[in-house]
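Q: If you scroll down you'll find the structure; I have some questions about it.
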Amino acid sequence: MKQNIKSQASAQNTAFSAGSRPQQRRALEIMGWIVLSLLIITGLSSVIGRASFLNHAIAIAPVDPILEFGAFDSRYYTNLAATVLHLLPGLLIFIMGPIQFMPNLRKRYLKWHRISGRVYVASGFTGAVSGFVIGTIDPFMGFTGQGFNEAMATAFLSAYVFFCLTMAIYHIRNKRIGPHREWMIRGFALMTAIATERLLLIAFQATLDVDIGILFGTTFWMAAILNLAVAESWINLTRTPGNGAAHWKDLDRRAKSA
Ligand code: HEM
């Protein structure tokens with residue numbers, strides 16, 4: 001009987017599409033949370049920084065925003081509604097996102113996961129549309145100039161965030177937990193690319209003598225690809241069989257105790 005359970009557990013374990021790699025999953029999970037914390041801190045501090053700029057800009061209400069704040073910052077003031085509709089959802093996404101991905105909290109408070117999931121998805125859609133308005137319609141350095149690179153990167157990022165969230169909703173409505181989880185990971189990875197971009201920008205500005213107009217759009221692409229590549233690797237390593245209802249942690253735990 002014990003032998004039977006053991007072989008069943010091992011069969012379940014090898015059903016991971018990436019094979020049985022419990023230690024790798026565990027180590028990467030820890031590393032992932034450390035990197036994610038850095039990205040969350042980066043994202044939240046830029047939201048706070050931009051919100052306090054906005055507060056100051058509204059208080060002084062300059063006649064010539066470009067003269068007062070410069071070509072880059074003034075866009076946040078001239079696109080006020082889009083900026084507010086970007087910062088608020090961005091804040092919610094960065095606070096709620098990590099909580100949504102914690103399996104223990106999800107299992108214990110499933111009702112809360114569903115409610116906050118709706119707020120998270122609505123924030124994602126709003127953030128993508130407002131990001132599109134700022135970055136694609138009014139990019140830094142102009143749509144027909146160097147800003148075209150940023151405009152296209154933003155259009156791609158917005159569209160793909162939309163697609164990921166739509167796919168995540170579609171799958172969970174059909175009770176396919178695994179694909180729902182995968183599309184949510186992709187969407188979150190893309191939205192946190194905004195923080196990866198900040199870090200890349202800081203690193204390049206400190207080490208290279210490249211114009212900010214070129215760096216801005218390029219780092220957008222780099223961050224999106226980097227985050228998506230990491231997300232796809234993680235998804236592949238943790239994909240469980242069937243409809244994905246069993247979490248990779250449960251399968252690894254079961255295989256270990258068998
Ligand atoms: C949903 C997908 C998103 C897209 C497509 C997007 C796109 C953009 C774009 C194009 C800009 C303007 C960059 C410029 O100045 O030209 C921007 C700014 C900003 N975004 Fe997002 N964004 C998204 C999600 C987020 C999230 C989740 C956060 C949360 C932290 C966030 C935080 C910010 C902040 C703080 C700024 C202001 C940057 C600054 O102060 O320089 N964005 N975003």
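Every chain in the structure tokens has a letter given in the order shown (A, B, ...), and although residue numbers restart at 1 in each chain, ligands are simply numbered from 1 in the order shown.
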If we count only C-alpha atoms and set the cut-off at 10 Å, which residues sit around Arg50 (chain A), ignoring sequence neighbours fewer than 2 positions away in its own chain? Please answer as a ChimeraX atom specification.

A: /A:44-48,52-56,73,76,83-84,87

Q: Name the residues of region 56-180 of chain A that fall into alpha helix (DSSP H) according to DSSP on the backbone, using the chain letters and numbers of this document, as a VMD selection string.

A: chain A and resid 56 to 60 65 to 78 80 to 100 103 to 108 110 to 132 147 to 173 177 to 180

Q: Deliver the residues from the most recent selection as a file, using C-alpha atoms, as an mmCIF file, in the first residue's frame.

A:
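After the write, part.cif holds the following:
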```cif
data_model
loop_
_atom_site.group_PDB
_atom_site.id
_atom_site.type_symbol
_atom_site.label_atom_id
_atom_site.label_comp_id
_atom_site.auth_asym_id
_atom_site.auth_seq_id
_atom_site.Cartn_x
_atom_site.Cartn_y
_atom_site.Cartn_z
ATOM 1 C CA HIS A 56 3.369 70.513 -6.000
ATOM 2 C CA ALA A 57 2.517 71.174 -9.669
ATOM 3 C CA ILE A 58 -1.207 71.539 -8.935
ATOM 4 C CA ALA A 59 -0.456 73.902 -6.052
ATOM 5 C CA ILE A 60 1.635 76.276 -8.182
ATOM 6 C CA PRO A 65 4.504 73.946 -17.505
ATOM 7 C CA ILE A 66 7.378 73.119 -19.905
ATOM 8 C CA LEU A 67 9.338 76.152 -18.785
ATOM 9 C CA GLU A 68 8.590 75.405 -15.134
ATOM 10 C CA PHE A 69 9.115 71.631 -15.037
ATOM 11 C CA GLY A 70 11.007 70.729 -18.224
ATOM 12 C CA ALA A 71 9.925 68.606 -21.206
ATOM 13 C CA PHE A 72 9.793 65.305 -19.319
ATOM 14 C CA ASP A 73 8.005 66.148 -16.068
ATOM 15 C CA SER A 74 5.567 68.664 -17.572
ATOM 16 C CA ARG A 75 3.809 65.825 -19.449
ATOM 17 C CA TYR A 76 2.535 64.427 -16.162
ATOM 18 C CA TYR A 77 0.966 67.778 -15.367
ATOM 19 C CA THR A 78 -0.497 68.367 -18.839
ATOM 20 C CA LEU A 80 -3.256 65.203 -15.328
ATOM 21 C CA ALA A 81 -6.258 62.852 -15.538
ATOM 22 C CA ALA A 82 -4.200 60.092 -17.166
ATOM 23 C CA THR A 83 -1.453 60.519 -14.559
ATOM 24 C CA VAL A 84 -3.880 60.216 -11.645
ATOM 25 C CA LEU A 85 -5.499 57.217 -13.348
ATOM 26 C CA HIS A 86 -2.037 55.726 -13.684
ATOM 27 C CA LEU A 87 -0.589 56.316 -10.248
ATOM 28 C CA LEU A 88 -3.608 55.083 -8.261
ATOM 29 C CA PRO A 89 -3.958 51.744 -10.097
ATOM 30 C CA GLY A 90 -0.150 51.390 -10.103
ATOM 31 C CA LEU A 91 -0.150 51.717 -6.323
ATOM 32 C CA LEU A 92 -2.916 49.107 -5.981
ATOM 33 C CA ILE A 93 -1.230 46.686 -8.389
ATOM 34 C CA PHE A 94 2.084 46.835 -6.567
ATOM 35 C CA ILE A 95 0.460 46.387 -3.140
ATOM 36 C CA MET A 96 -2.158 43.781 -4.081
ATOM 37 C CA GLY A 97 -0.182 41.842 -6.685
ATOM 38 C CA PRO A 98 2.236 40.068 -4.339
ATOM 39 C CA ILE A 99 -0.604 39.243 -1.902
ATOM 40 C CA GLN A 100 -2.617 37.623 -4.708
ATOM 41 C CA PRO A 103 -0.684 30.459 -1.867
ATOM 42 C CA ASN A 104 -1.360 30.252 1.886
ATOM 43 C CA LEU A 105 -3.337 33.490 1.955
ATOM 44 C CA ARG A 106 -5.181 32.483 -1.216
ATOM 45 C CA LYS A 107 -6.196 29.128 0.225
ATOM 46 C CA ARG A 108 -7.280 30.546 3.566
ATOM 47 C CA LEU A 110 -10.401 32.547 -1.164
ATOM 48 C CA LYS A 111 -13.331 34.963 -1.023
ATOM 49 C CA TRP A 112 -10.937 37.865 -0.428
ATOM 50 C CA HIS A 113 -8.717 36.628 -3.282
ATOM 51 C CA ARG A 114 -11.701 36.805 -5.624
ATOM 52 C CA ILE A 115 -12.785 40.294 -4.503
ATOM 53 C CA SER A 116 -9.292 41.787 -4.522
ATOM 54 C CA GLY A 117 -8.612 39.981 -7.815
ATOM 55 C CA ARG A 118 -11.383 42.019 -9.443
ATOM 56 C CA VAL A 119 -9.922 45.269 -8.081
ATOM 57 C CA TYR A 120 -6.453 44.157 -9.248
ATOM 58 C CA VAL A 121 -7.659 43.357 -12.782
ATOM 59 C CA ALA A 122 -9.615 46.633 -13.036
ATOM 60 C CA SER A 123 -6.466 48.464 -11.892
ATOM 61 C CA GLY A 124 -4.405 46.614 -14.508
ATOM 62 C CA PHE A 125 -6.776 47.618 -17.316
ATOM 63 C CA THR A 126 -6.899 51.242 -16.105
ATOM 64 C CA GLY A 127 -3.104 51.396 -15.713
ATOM 65 C CA ALA A 128 -2.622 50.019 -19.217
ATOM 66 C CA VAL A 129 -5.010 52.565 -20.814
ATOM 67 C CA SER A 130 -3.612 55.562 -18.900
ATOM 68 C CA GLY A 131 -0.024 54.385 -19.586
ATOM 69 C CA PHE A 132 -0.955 54.250 -23.273
ATOM 70 C CA GLY A 147 9.889 59.200 -28.559
ATOM 71 C CA PHE A 148 8.619 56.779 -31.216
ATOM 72 C CA ASN A 149 10.617 54.026 -29.527
ATOM 73 C CA GLU A 150 8.900 54.685 -26.179
ATOM 74 C CA ALA A 151 5.524 55.015 -27.932
ATOM 75 C CA MET A 152 5.800 51.571 -29.529
ATOM 76 C CA ALA A 153 7.165 49.949 -26.363
ATOM 77 C CA THR A 154 4.238 51.371 -24.390
ATOM 78 C CA ALA A 155 1.710 50.276 -27.012
ATOM 79 C CA PHE A 156 3.112 46.750 -26.837
ATOM 80 C CA LEU A 157 3.191 46.739 -23.029
ATOM 81 C CA SER A 158 -0.380 48.059 -22.723
ATOM 82 C CA ALA A 159 -1.772 45.644 -25.307
ATOM 83 C CA TYR A 160 -0.026 42.636 -23.820
ATOM 84 C CA VAL A 161 -1.111 43.507 -20.263
ATOM 85 C CA PHE A 162 -4.679 43.719 -21.610
ATOM 86 C CA PHE A 163 -4.301 40.361 -23.313
ATOM 87 C CA CYS A 164 -2.778 38.632 -20.252
ATOM 88 C CA LEU A 165 -5.513 39.865 -17.907
ATOM 89 C CA THR A 166 -8.252 38.946 -20.392
ATOM 90 C CA MET A 167 -6.838 35.440 -20.777
ATOM 91 C CA ALA A 168 -6.545 35.084 -16.996
ATOM 92 C CA ILE A 169 -10.239 36.004 -16.578
ATOM 93 C CA TYR A 170 -11.299 33.729 -19.424
ATOM 94 C CA HIS A 171 -9.524 30.701 -17.921
ATOM 95 C CA ILE A 172 -10.722 31.161 -14.360
ATOM 96 C CA ARG A 173 -14.304 31.545 -15.571
ATOM 97 C CA ILE A 177 -6.727 27.250 -12.501
ATOM 98 C CA GLY A 178 -3.319 26.483 -14.040
ATOM 99 C CA PRO A 179 -3.700 28.657 -17.156
ATOM 100 C CA HIS A 180 -5.325 31.391 -15.000
#
```

Q: Just the residues within 10 Å of region 21-35 of chain A, please, counting only C-alpha atoms, with nothing from its chain fewer than 6 positions along; format it as a VMD selection string.

A: chain A and resid 13 to 14 98 196 230 234 237 to 238 248 to 249 251 to 253 255 to 256

Q: List the neighbours of Leu201 (chain A) out to 12 Å using only C-alpha atoms; skip same-chain residues closer than 6 positions along the sequence, and give me the result as a PyMOL selection string.

A: chain A and resi 193-195+207-223

Q: So, with only C-alpha atoms as the atoms that count, which of A:Phe188, A:Phe16, A:Tyr109, A:Phe143 lies closest to Leu39 (chain A)?

A: A:Phe188
